[in-house]
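Text of final_13.pdb (PDB, C-alpha atoms) as supplied:
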ATOM      1  CA  MET A 278     -17.266 -19.366  -3.074
ATOM      2  CA  ARG A 279     -16.640 -16.924  -5.932
ATOM      3  CA  SER A 280     -13.007 -16.237  -6.771
ATOM      4  CA  VAL A 281     -10.896 -13.062  -6.868
ATOM      5  CA  LEU A 282      -8.180 -11.809  -9.217
ATOM      6  CA  ALA A 283      -5.286 -10.092  -7.448
ATOM      7  CA  ILE A 284      -2.763  -7.998  -9.392
ATOM      8  CA  VAL A 285       0.382  -7.302  -7.379
ATOM      9  CA  GLY A 286       3.842  -5.898  -7.879
ATOM     10  CA  PRO A 287       5.894  -2.777  -7.172
ATOM     11  CA  THR A 288       4.573   0.740  -7.406
ATOM     12  CA  ALA A 289       4.726   2.312 -10.886
ATOM     13  CA  SER A 290       4.750  -1.076 -12.644
ATOM     14  CA  GLY A 291       1.355  -0.596 -14.294
ATOM     15  CA  LYS A 292      -0.976  -2.540 -11.988
ATOM     16  CA  SER A 293      -3.838  -0.047 -12.083
ATOM     17  CA  ALA A 294      -3.894   0.243 -15.871
ATOM     18  CA  LEU A 295      -3.782  -3.528 -16.250
ATOM     19  CA  ALA A 296      -6.647  -3.945 -13.768
ATOM     20  CA  VAL A 297      -8.862  -1.567 -15.752
ATOM     21  CA  SER A 298      -8.062  -3.275 -19.032
ATOM     22  CA  VAL A 299      -8.763  -6.743 -17.611
ATOM     23  CA  ALA A 300     -11.938  -5.544 -15.876
ATOM     24  CA  LYS A 301     -13.383  -4.368 -19.182
ATOM     25  CA  ARG A 302     -12.800  -7.824 -20.647
ATOM     26  CA  VAL A 303     -14.182  -9.944 -17.802
ATOM     27  CA  GLY A 304     -16.862  -7.744 -16.249
ATOM     28  CA  GLY A 305     -14.794  -6.765 -13.268
ATOM     29  CA  GLU A 306     -14.658  -4.112 -10.565
ATOM     30  CA  VAL A 307     -11.426  -2.867  -9.021
ATOM     31  CA  VAL A 308     -10.869  -3.067  -5.255
ATOM     32  CA  GLY A 309      -7.796  -1.200  -4.030
ATOM     33  CA  THR A 310      -5.631  -2.437  -1.175
ATOM     34  CA  ASP A 311      -3.541   0.711  -0.876
ATOM     35  CA  SER A 312      -4.303   2.026   2.610
ATOM     36  CA  MET A 313      -3.199   5.556   1.714
ATOM     37  CA  GLN A 314      -5.485   5.799  -1.322
ATOM     38  CA  ALA A 315      -8.308   5.135   1.122
ATOM     39  CA  TYR A 316      -7.753   8.580   2.674
ATOM     40  CA  ARG A 317      -9.810  11.459   1.320
ATOM     41  CA  GLY A 318      -7.815  14.193  -0.369
ATOM     42  CA  MET A 319      -4.611  12.173  -0.753
ATOM     43  CA  ASP A 320      -5.001  11.636  -4.473
ATOM     44  CA  ILE A 321      -1.967  13.041  -6.279
ATOM     45  CA  GLY A 322       0.695  11.722  -3.920
ATOM     46  CA  THR A 323      -0.809   8.230  -3.733
ATOM     47  CA  ALA A 324      -1.346   8.000  -7.518
ATOM     48  CA  THR A 325      -5.059   7.359  -7.007
ATOM     49  CA  PRO A 326      -6.504   6.615 -10.472
ATOM     50  CA  THR A 327      -8.300   9.628 -11.892
ATOM     51  CA  GLU A 328     -11.789   9.336 -13.314
ATOM     52  CA  THR A 329     -10.262   9.175 -16.788
ATOM     53  CA  GLU A 330      -7.791   6.471 -15.738
ATOM     54  CA  GLN A 331     -10.601   4.435 -14.176
ATOM     55  CA  GLY A 332     -12.091   4.173 -17.654
ATOM     56  CA  GLY A 333     -15.656   3.736 -16.504
ATOM     57  CA  VAL A 334     -14.756   0.691 -14.381
ATOM     58  CA  PRO A 335     -16.122   0.829 -10.804
ATOM     59  CA  HIS A 336     -13.335   1.388  -8.272
ATOM     60  CA  HIS A 337     -13.660   0.756  -4.534
ATOM     61  CA  MET A 338     -11.710   1.513  -1.332
ATOM     62  CA  LEU A 339     -10.700   4.972  -2.542
ATOM     63  CA  ASP A 340     -11.379   8.114  -0.479
ATOM     64  CA  VAL A 341     -13.010   6.179   2.363
ATOM     65  CA  TRP A 342     -11.677   7.821   5.550
ATOM     66  CA  ASP A 343     -10.643  11.304   6.668
ATOM     67  CA  ILE A 344      -6.913  11.771   7.199
ATOM     68  CA  GLU A 345      -7.128  12.042  10.988
ATOM     69  CA  HIS A 346      -8.565   8.531  11.272
ATOM     70  CA  PRO A 347      -5.858   5.956  12.157
ATOM     71  CA  VAL A 348      -7.034   3.055   9.993
ATOM     72  CA  THR A 349      -5.961  -0.365  11.264
ATOM     73  CA  VAL A 350      -5.213  -3.347   9.072
ATOM     74  CA  VAL A 351      -8.202  -5.163  10.556
ATOM     75  CA  GLU A 352     -10.540  -2.236   9.874
ATOM     76  CA  PHE A 353      -9.287  -1.998   6.307
ATOM     77  CA  ARG A 354      -9.632  -5.761   5.858
ATOM     78  CA  ASP A 355     -13.239  -5.798   7.036
ATOM     79  CA  ALA A 356     -14.224  -2.865   4.804
ATOM     80  CA  ALA A 357     -12.517  -4.377   1.757
ATOM     81  CA  ARG A 358     -14.101  -7.788   2.309
ATOM     82  CA  ALA A 359     -17.532  -6.191   2.516
ATOM     83  CA  VAL A 360     -16.844  -4.653  -0.901
ATOM     84  CA  LEU A 361     -15.611  -7.954  -2.346
ATOM     85  CA  ASP A 362     -18.718  -9.738  -1.123
ATOM     86  CA  ALA A 363     -20.918  -7.046  -2.674
ATOM     87  CA  VAL A 364     -19.104  -7.367  -6.010
ATOM     88  CA  HIS A 365     -19.680 -11.113  -5.920
ATOM     89  CA  ARG A 366     -23.369 -10.587  -5.223
ATOM     90  CA  ARG A 367     -23.537  -8.452  -8.363
ATOM     91  CA  GLU A 368     -22.004 -11.428 -10.185
ATOM     92  CA  ARG A 369     -19.001  -9.353 -11.180
ATOM     93  CA  VAL A 370     -15.301 -10.218 -10.881
ATOM     94  CA  PRO A 371     -13.447  -8.467  -8.022
ATOM     95  CA  ILE A 372      -9.972  -7.376  -9.106
ATOM     96  CA  VAL A 373      -7.791  -6.593  -6.108
ATOM     97  CA  VAL A 374      -4.943  -4.217  -6.912
ATOM     98  CA  GLY A 375      -2.303  -4.032  -4.259
ATOM     99  CA  GLY A 376       1.104  -2.711  -3.481
ATOM    100  CA  SER A 377       1.225  -3.390   0.265
ATOM    101  CA  GLY A 378       1.812  -7.086   0.759
ATOM    102  CA  LEU A 379       0.427  -7.055   4.301
ATOM    103  CA  TYR A 380      -2.856  -5.447   3.257
ATOM    104  CA  VAL A 381      -3.248  -7.799   0.292
ATOM    105  CA  ARG A 382      -2.729 -10.787   2.561
ATOM    106  CA  ALA A 383      -5.026  -9.402   5.257
ATOM    107  CA  VAL A 384      -7.891  -8.995   2.797
ATOM    108  CA  LEU A 385      -7.457 -12.224   0.854
ATOM    109  CA  GLU A 386      -6.172 -14.656   3.485
ATOM    110  CA  GLU A 387      -6.964 -15.927   6.952
ATOM    111  CA  LEU A 388      -4.737 -13.847   9.207
ATOM    112  CA  ASP A 389      -5.196 -13.467  12.945
ATOM    113  CA  PHE A 390      -3.529 -10.339  14.246
ATOM    114  CA  PRO A 391      -2.217 -10.143  17.818
ATOM    115  CA  GLY A 392      -4.159  -8.073  20.309
ATOM    116  CA  THR A 393      -2.965  -4.868  21.894
ATOM    117  CA  ASP A 394      -1.763  -3.810  25.321
ATOM    118  CA  PRO A 395      -2.543  -0.188  26.257
ATOM    119  CA  ARG A 396       0.445   0.030  28.598
ATOM    120  CA  ILE A 397       2.947  -1.184  26.025
ATOM    121  CA  ARG A 398       1.358   0.906  23.287
ATOM    122  CA  ALA A 399       1.458   4.037  25.474
ATOM    123  CA  PHE A 400       5.132   3.467  26.247
ATOM    124  CA  TRP A 401       6.155   3.242  22.598
ATOM    125  CA  ASP A 402       3.850   6.107  21.624
ATOM    126  CA  SER A 403       5.639   8.300  24.148
ATOM    127  CA  ARG A 404       9.021   7.189  22.834
ATOM    128  CA  LEU A 405       7.837   8.015  19.325
ATOM    129  CA  ALA A 406       6.820  11.508  20.397
ATOM    130  CA  GLU A 407      10.139  12.056  22.178
ATOM    131  CA  SER A 408      12.586  10.527  19.721
ATOM    132  CA  GLY A 409      10.859  10.307  16.349
ATOM    133  CA  ALA A 410      10.180   7.415  14.007
ATOM    134  CA  PRO A 411      13.747   6.889  12.681
ATOM    135  CA  ALA A 412      15.084   6.377  16.219
ATOM    136  CA  LEU A 413      12.402   3.777  16.950
ATOM    137  CA  HIS A 414      13.054   2.153  13.588
ATOM    138  CA  ALA A 415      16.685   1.660  14.657
ATOM    139  CA  ILE A 416      15.483  -0.108  17.820
ATOM    140  CA  LEU A 417      13.167  -2.296  15.758
ATOM    141  CA  ALA A 418      16.043  -3.159  13.407
ATOM    142  CA  GLU A 419      17.972  -4.574  16.351
ATOM    143  CA  ARG A 420      15.024  -6.559  17.734
ATOM    144  CA  ASP A 421      13.326  -7.641  14.540
ATOM    145  CA  PRO A 422      15.370  -7.001  11.368
ATOM    146  CA  ALA A 423      12.752  -8.581   9.091
ATOM    147  CA  ALA A 424      10.036  -6.249  10.366
ATOM    148  CA  ALA A 425      12.314  -3.227  10.082
ATOM    149  CA  ALA A 426      13.125  -4.118   6.481
ATOM    150  CA  ALA A 427       9.411  -4.224   5.651
ATOM    151  CA  ILE A 428       8.428  -0.942   7.345
ATOM    152  CA  GLU A 429       9.304   2.562   6.167
ATOM    153  CA  THR A 430      11.594   4.477   8.536
ATOM    154  CA  ASN A 431       9.079   7.336   8.865
ATOM    155  CA  ASN A 432       6.009   5.154   9.490
ATOM    156  CA  GLY A 433       5.875   5.684  13.220
ATOM    157  CA  ARG A 434       2.532   3.982  13.700
ATOM    158  CA  ARG A 435       3.609   0.692  12.118
ATOM    159  CA  ILE A 436       6.958   0.792  13.926
ATOM    160  CA  VAL A 437       5.173   1.221  17.263
ATOM    161  CA  ARG A 438       2.847  -1.659  16.397
ATOM    162  CA  ALA A 439       5.766  -3.920  15.482
ATOM    163  CA  LEU A 440       7.536  -3.131  18.757
ATOM    164  CA  GLU A 441       4.305  -3.744  20.668
ATOM    165  CA  VAL A 442       3.796  -7.135  19.013
ATOM    166  CA  ASN A 443       7.415  -7.996  19.714
ATOM    167  CA  GLU A 444       6.842  -7.446  23.430
ATOM    168  CA  LEU A 445       3.412  -9.092  23.487
ATOM    169  CA  THR A 446       4.521 -12.282  21.766
ATOM    170  CA  GLY A 447       8.204 -12.434  22.532
ATOM    171  CA  GLY A 448       8.819 -13.002  18.854
ATOM    172  CA  PRO A 449       9.141 -11.212  15.538
ATOM    173  CA  PHE A 450       6.322  -9.207  13.971
ATOM    174  CA  VAL A 451       6.661 -10.237  10.317
ATOM    175  CA  ALA A 452       7.675 -13.829  11.070
ATOM    176  CA  ARG A 453       4.414 -14.370  12.960
ATOM    177  CA  LEU A 454       2.381 -14.259   9.752
ATOM    178  CA  PRO A 455       1.018 -17.791   9.288
ATOM    179  CA  GLU A 456       1.284 -19.993   6.254
ATOM    180  CA  PRO A 457      -1.076 -18.796   3.500
ATOM    181  CA  GLU A 458      -4.691 -19.919   3.678
ATOM    182  CA  ASP A 459      -7.052 -18.166   1.293
ATOM    183  CA  HIS A 460     -10.235 -16.548   2.567
ATOM    184  CA  TYR A 461     -11.301 -16.302  -1.099
ATOM    185  CA  PRO A 462     -10.094 -18.566  -3.925
ATOM    186  CA  THR A 463      -7.621 -16.198  -5.546
ATOM    187  CA  LEU A 464      -5.780 -16.037  -8.863
ATOM    188  CA  ARG A 465      -2.624 -14.000  -8.303
ATOM    189  CA  VAL A 466      -0.871 -12.151 -11.132
ATOM    190  CA  GLY A 467       2.379 -10.291 -10.539
ATOM    191  CA  LEU A 468       4.161  -7.724 -12.676
ATOM    192  CA  ARG A 469       7.937  -7.926 -12.926
ATOM    193  CA  ILE A 470      10.014  -5.052 -14.209
ATOM    194  CA  PRO A 471      13.778  -4.465 -14.511
ATOM    195  CA  ARG A 472      15.176  -2.284 -11.741
ATOM    196  CA  ALA A 473      16.533   0.408 -14.076
ATOM    197  CA  GLU A 474      13.183   0.731 -15.834
ATOM    198  CA  LEU A 475      11.316   0.803 -12.527
ATOM    199  CA  ASP A 476      13.608   3.520 -11.163
ATOM    200  CA  ALA A 477      13.043   5.617 -14.278
ATOM    201  CA  ARG A 478       9.270   5.173 -14.075
ATOM    202  CA  ILE A 479       9.255   6.149 -10.394
ATOM    203  CA  GLU A 480      11.190   9.342 -11.123
ATOM    204  CA  ALA A 481       8.845  10.170 -13.998
ATOM    205  CA  ARG A 482       5.820   9.528 -11.772
ATOM    206  CA  VAL A 483       7.128  11.807  -9.022
ATOM    207  CA  ASP A 484       7.823  14.551 -11.573
ATOM    208  CA  ALA A 485       4.283  14.173 -12.891
ATOM    209  CA  MET A 486       2.932  14.409  -9.326
ATOM    210  CA  TRP A 487       4.820  17.637  -8.783
ATOM    211  CA  GLN A 488       3.442  19.061 -12.029
ATOM    212  CA  ALA A 489      -0.076  17.975 -11.046
ATOM    213  CA  GLY A 490       0.109  19.979  -7.801
ATOM    214  CA  PHE A 491       1.427  17.549  -5.194
ATOM    215  CA  VAL A 492       2.918  20.334  -3.069
ATOM    216  CA  GLU A 493      -0.371  22.229  -3.088
ATOM    217  CA  GLU A 494      -2.228  19.036  -2.142
ATOM    218  CA  VAL A 495       0.018  18.605   0.903
ATOM    219  CA  ARG A 496      -0.349  22.283   1.797
ATOM    220  CA  ASN A 497      -4.132  21.913   1.795
ATOM    221  CA  LEU A 498      -3.944  18.734   3.864
ATOM    222  CA  GLU A 499      -1.562  20.397   6.302
ATOM    223  CA  SER A 500      -4.256  22.969   7.048
ATOM    224  CA  ARG A 501      -6.535  20.026   7.918
ATOM    225  CA  GLY A 502      -4.048  18.513  10.354
ATOM    226  CA  LEU A 503      -1.977  16.170   8.191
ATOM    227  CA  ALA A 504       1.190  16.614  10.242
ATOM    228  CA  ALA A 505      -0.576  15.270  13.327
ATOM    229  CA  ALA A 506      -2.344  12.426  11.522
ATOM    230  CA  PRO A 507      -0.619   9.240  12.786
ATOM    231  CA  THR A 508      -1.113   7.114   9.676
ATOM    232  CA  ALA A 509      -1.771   9.426   6.739
ATOM    233  CA  SER A 510       1.337  11.539   7.370
ATOM    234  CA  ALA A 511       3.525   8.451   6.789
ATOM    235  CA  ALA A 512       2.489   8.147   3.140
ATOM    236  CA  LEU A 513       5.321   8.310   0.632
ATOM    237  CA  GLY A 514       6.209  11.865  -0.322
ATOM    238  CA  TYR A 515       3.980  13.605   2.196
ATOM    239  CA  ALA A 516       6.544  13.768   5.008
ATOM    240  CA  PRO A 517       9.290  15.345   2.821
ATOM    241  CA  ILE A 518       6.872  17.968   1.525
ATOM    242  CA  LEU A 519       5.729  18.735   5.079
ATOM    243  CA  ARG A 520       9.400  19.284   5.933
ATOM    244  CA  TYR A 521       9.732  21.592   2.928
ATOM    245  CA  LEU A 522       6.649  23.565   3.963
ATOM    246  CA  ALA A 523       8.109  23.857   7.472
ATOM    247  CA  GLY A 524      11.302  25.337   6.032
ATOM    248  CA  GLU A 525      13.500  22.418   7.056
ATOM    249  CA  ILE A 526      14.565  21.472   3.508
ATOM    250  CA  ASP A 527      14.193  22.973   0.038
ATOM    251  CA  GLU A 528      11.701  21.776  -2.552
ATOM    252  CA  SER A 529      14.312  20.021  -4.675
ATOM    253  CA  THR A 530      15.426  17.974  -1.680
ATOM    254  CA  ALA A 531      11.805  17.067  -0.914
ATOM    255  CA  ARG A 532      11.412  15.801  -4.477
ATOM    256  CA  ASP A 533      14.657  13.804  -4.297
ATOM    257  CA  LEU A 534      13.664  12.255  -0.953
ATOM    258  CA  THR A 535      10.291  11.269  -2.389
ATOM    259  CA  ILE A 536      11.987   9.499  -5.286
ATOM    260  CA  GLU A 537      14.465   7.774  -2.963
ATOM    261  CA  ASP A 538      11.800   6.657  -0.484
ATOM    262  CA  THR A 539       9.567   5.373  -3.284
ATOM    263  CA  ARG A 540      12.398   3.358  -4.812
ATOM    264  CA  LYS A 541      13.165   1.791  -1.437
ATOM    265  CA  PHE A 542       9.493   0.969  -0.973
ATOM    266  CA  ALA A 543       9.374  -0.648  -4.418
ATOM    267  CA  ARG A 544      12.332  -2.863  -3.478
ATOM    268  CA  ARG A 545      10.510  -4.005  -0.342
ATOM    269  CA  GLN A 546       7.419  -4.769  -2.406
ATOM    270  CA  GLN A 547       9.452  -6.859  -4.834
ATOM    271  CA  ARG A 548      11.096  -8.828  -2.026
ATOM    272  CA  TRP A 549       7.743  -9.449  -0.316
ATOM    273  CA  PHE A 550       5.909 -10.717  -3.391
ATOM    274  CA  ALA A 551       8.900 -12.710  -4.676
ATOM    275  CA  LYS A 552       8.392 -15.121  -1.772
ATOM    276  CA  ASP A 553       4.855 -16.028  -2.862
ATOM    277  CA  ARG A 554       4.983 -19.070  -5.134
ATOM    278  CA  ARG A 555       1.291 -18.777  -5.961
ATOM    279  CA  ILE A 556       1.841 -15.709  -8.114
ATOM    280  CA  HIS A 557       1.820 -16.022 -11.910
ATOM    281  CA  TRP A 558       4.535 -13.600 -13.013
ATOM    282  CA  TRP A 559       4.407 -11.582 -16.227
ATOM    283  CA  ASP A 560       6.686  -8.944 -17.701
ATOM    284  CA  TYR A 561       5.059  -5.562 -17.182
ATOM    285  CA  ASP A 562       5.277  -4.821 -20.924
ATOM    286  CA  ALA A 563       4.376  -8.288 -22.238
ATOM    287  CA  PRO A 564       2.417  -8.172 -25.517
ATOM    288  CA  ASP A 565      -1.353  -8.647 -25.086
ATOM    289  CA  LEU A 566      -0.901  -8.844 -21.311
ATOM    290  CA  ALA A 567      -4.486  -7.868 -20.521
ATOM    291  CA  VAL A 568      -5.811 -10.444 -22.974
ATOM    292  CA  GLU A 569      -3.634 -13.162 -21.430
ATOM    293  CA  VAL A 570      -4.658 -12.321 -17.869
ATOM    294  CA  ALA A 571      -8.327 -12.115 -18.837
ATOM    295  CA  GLY A 572      -7.952 -15.573 -20.357
ATOM    296  CA  LEU A 573      -6.613 -16.893 -17.060
ATOM    297  CA  VAL A 574      -9.622 -15.433 -15.248
ATOM    298  CA  THR A 575     -12.203 -16.937 -17.580
ATOM    299  CA  SER A 576     -10.526 -20.334 -17.569
ATOM    300  CA  THR A 577     -10.548 -20.703 -13.767
TER     301      THR A 577
END
Please rewrite the model in this file as structure tokens.
Amino acid sequence: MRSVLAIVGPTASGKSALAVSVAKRVGGEVVGTDSMQAYRGMDIGTATPTETEQGGVPHHMLDVWDIEHPVTVVEFRDAARAVLDAVHRRERVPIVVGGSGLYVRAVLEELDFPGTDPRIRAFWDSRLAESGAPALHAILAERDPAAAAAIETNNGRRIVRALEVNELTGGPFVARLPEPEDHYPTLRVGLRIPRAELDARIEARVDAMWQAGFVEEVRNLESRGLAAAPTASAALGYAPILRYLAGEIDESTARDLTIEDTRKFARRQQRWFAKDRRIHWWDYDAPDLAVEVAGLVTST
């Protein structure tokens, strides 16, 4: 079976740029595993690579679904694997770029996800509608601290799913992930970056998003039903701007919350990937990084 290169690490560490640079050297195509970049119209806030940033390298799993579609991990996995298989058939190198550890694992490894129970799901959905995501997140933190630490406090859909799995299995959500078994032979490269530098880059990225029209993007999506979209509305930055547009907070507070939430998410990413001993770690600003990674690809 043909192999895959996976580039992982926290948001704003330079994964996308590295993937493009490596792809040009090895004849690769980029396959994203960011579930929010897969939504149409959510480009600025998710830092979806622009046409210029893609540098002529084919990119996949971007702008796949409309925002009202509640994409599941399994649905995303199946779509991404179909892309990977097609890239292999073209005798090109698939380069998976991922920030969400769960989605990276779902695509690249053999994971069996628990089923669902409509009764349990309906119960927690109703609680979500009544109390809001943060209140349910507090319940999850008591029942399954590891799952709560890995899920954003405003991601109601994932919180409901974690609580459902907890009841279905009688055990934790995150802890049920099995030991790694690759679906594709995979070379994993991770980018490490000092916390102070990462924090600065996140703030600079959010400022650039604002200047690029992030608020206007959310306003347009709001007219298409973003606030009611169960999955898309949980994307970083979108919920604070929706609150700003609703008059609940001012724009400066929305910006600050976006920075804070993104930094927290980056910490969770770092903790998740730090546990994976298969990853070859490199400093994000290492000299000739793309050349070194391309060398790893061609030597395997």
Name the residues in contact with A:Gln314 at a cut-off of 8 Å, using only C-alpha atoms, excluding same-chain residues fewer than 2 positions from it; report them as a PyMOL selection string.
-> chain A and resi 309+311-312+316-317+319-320+323-325+338-340
Could you tell me which of A:Val492, A:Val381, A:Val334, A:Leu503 comes closest to A:Asp527 if we count all atoms listed in the file?
->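 Checking each candidate against A:Asp527, we get A:Val492 as the closest.
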Within 10 Å of file point (4.6, 3.8, 14.8), counting all atoms listed in the file, expressed as a PDB file with C-alpha atoms, keeping the file's coordinate frame:
ATOM      1  CA  ARG A 398       1.358   0.906  23.287  1.00  0.00           C
ATOM      2  CA  TRP A 401       6.155   3.242  22.598  1.00  0.00           C
ATOM      3  CA  ASP A 402       3.850   6.107  21.624  1.00  0.00           C
ATOM      4  CA  ARG A 404       9.021   7.189  22.834  1.00  0.00           C
ATOM      5  CA  LEU A 405       7.837   8.015  19.325  1.00  0.00           C
ATOM      6  CA  ALA A 406       6.820  11.508  20.397  1.00  0.00           C
ATOM      7  CA  GLY A 409      10.859  10.307  16.349  1.00  0.00           C
ATOM      8  CA  ALA A 410      10.180   7.415  14.007  1.00  0.00           C
ATOM      9  CA  PRO A 411      13.747   6.889  12.681  1.00  0.00           C
ATOM     10  CA  LEU A 413      12.402   3.777  16.950  1.00  0.00           C
ATOM     11  CA  HIS A 414      13.054   2.153  13.588  1.00  0.00           C
ATOM     12  CA  ILE A 428       8.428  -0.942   7.345  1.00  0.00           C
ATOM     13  CA  GLU A 429       9.304   2.562   6.167  1.00  0.00           C
ATOM     14  CA  THR A 430      11.594   4.477   8.536  1.00  0.00           C
ATOM     15  CA  ASN A 431       9.079   7.336   8.865  1.00  0.00           C
ATOM     16  CA  ASN A 432       6.009   5.154   9.490  1.00  0.00           C
ATOM     17  CA  GLY A 433       5.875   5.684  13.220  1.00  0.00           C
ATOM     18  CA  ARG A 434       2.532   3.982  13.700  1.00  0.00           C
ATOM     19  CA  ARG A 435       3.609   0.692  12.118  1.00  0.00           C
ATOM     20  CA  ILE A 436       6.958   0.792  13.926  1.00  0.00           C
ATOM     21  CA  VAL A 437       5.173   1.221  17.263  1.00  0.00           C
ATOM     22  CA  ARG A 438       2.847  -1.659  16.397  1.00  0.00           C
ATOM     23  CA  ALA A 439       5.766  -3.920  15.482  1.00  0.00           C
ATOM     24  CA  LEU A 440       7.536  -3.131  18.757  1.00  0.00           C
ATOM     25  CA  GLU A 441       4.305  -3.744  20.668  1.00  0.00           C
ATOM     26  CA  PRO A 507      -0.619   9.240  12.786  1.00  0.00           C
ATOM     27  CA  THR A 508      -1.113   7.114   9.676  1.00  0.00           C
ATOM     28  CA  ALA A 511       3.525   8.451   6.789  1.00  0.00           C
TER      29      ALA A 511
END
Quick one: pull the distance between atom CA of A:Glu499 and atom CA of A:Glu407, Å, one decimal.
->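 Here the two named atoms are 21.4 Å from each other.
Here the question is which of A:Arg382, A:Arg520, A:Arg354, A:His346 gets nearest to A:Ala504 using all atoms listed in the file, and that residue is A:Arg520.
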So which one's closest to A:Gly305, A:Val350, A:Val483, A:Leu361, A:Ala356? Using only C-alpha atoms, please.
->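 The answer is A:Leu361, which sits nearest to A:Gly305.
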Go through the shown structure with the PyMOL selection byres ((chain A and resi 546) around 12) and write out the matching residues as a ChimeraX atom specification.
-> /A:285-290,375-381,426-429,467-469,539-545,547-553
Residue IDs satisfying the PyMOL selection byres ((chain A and resi 535) around 8), as an mmCIF file with C-alpha atoms, in the frame of the given file:
data_model
loop_
_atom_site.group_PDB
_atom_site.id
_atom_site.type_symbol
_atom_site.label_atom_id
_atom_site.label_comp_id
_atom_site.auth_asym_id
_atom_site.auth_seq_id
_atom_site.Cartn_x
_atom_site.Cartn_y
_atom_site.Cartn_z
ATOM 1 C CA VAL A 483 7.128 11.807 -9.022
ATOM 2 C CA LEU A 513 5.321 8.310 0.632
ATOM 3 C CA GLY A 514 6.209 11.865 -0.322
ATOM 4 C CA PRO A 517 9.290 15.345 2.821
ATOM 5 C CA ALA A 531 11.805 17.067 -0.914
ATOM 6 C CA ARG A 532 11.412 15.801 -4.477
ATOM 7 C CA ASP A 533 14.657 13.804 -4.297
ATOM 8 C CA LEU A 534 13.664 12.255 -0.953
ATOM 9 C CA ILE A 536 11.987 9.499 -5.286
ATOM 10 C CA GLU A 537 14.465 7.774 -2.963
ATOM 11 C CA ASP A 538 11.800 6.657 -0.484
ATOM 12 C CA THR A 539 9.567 5.373 -3.284
#
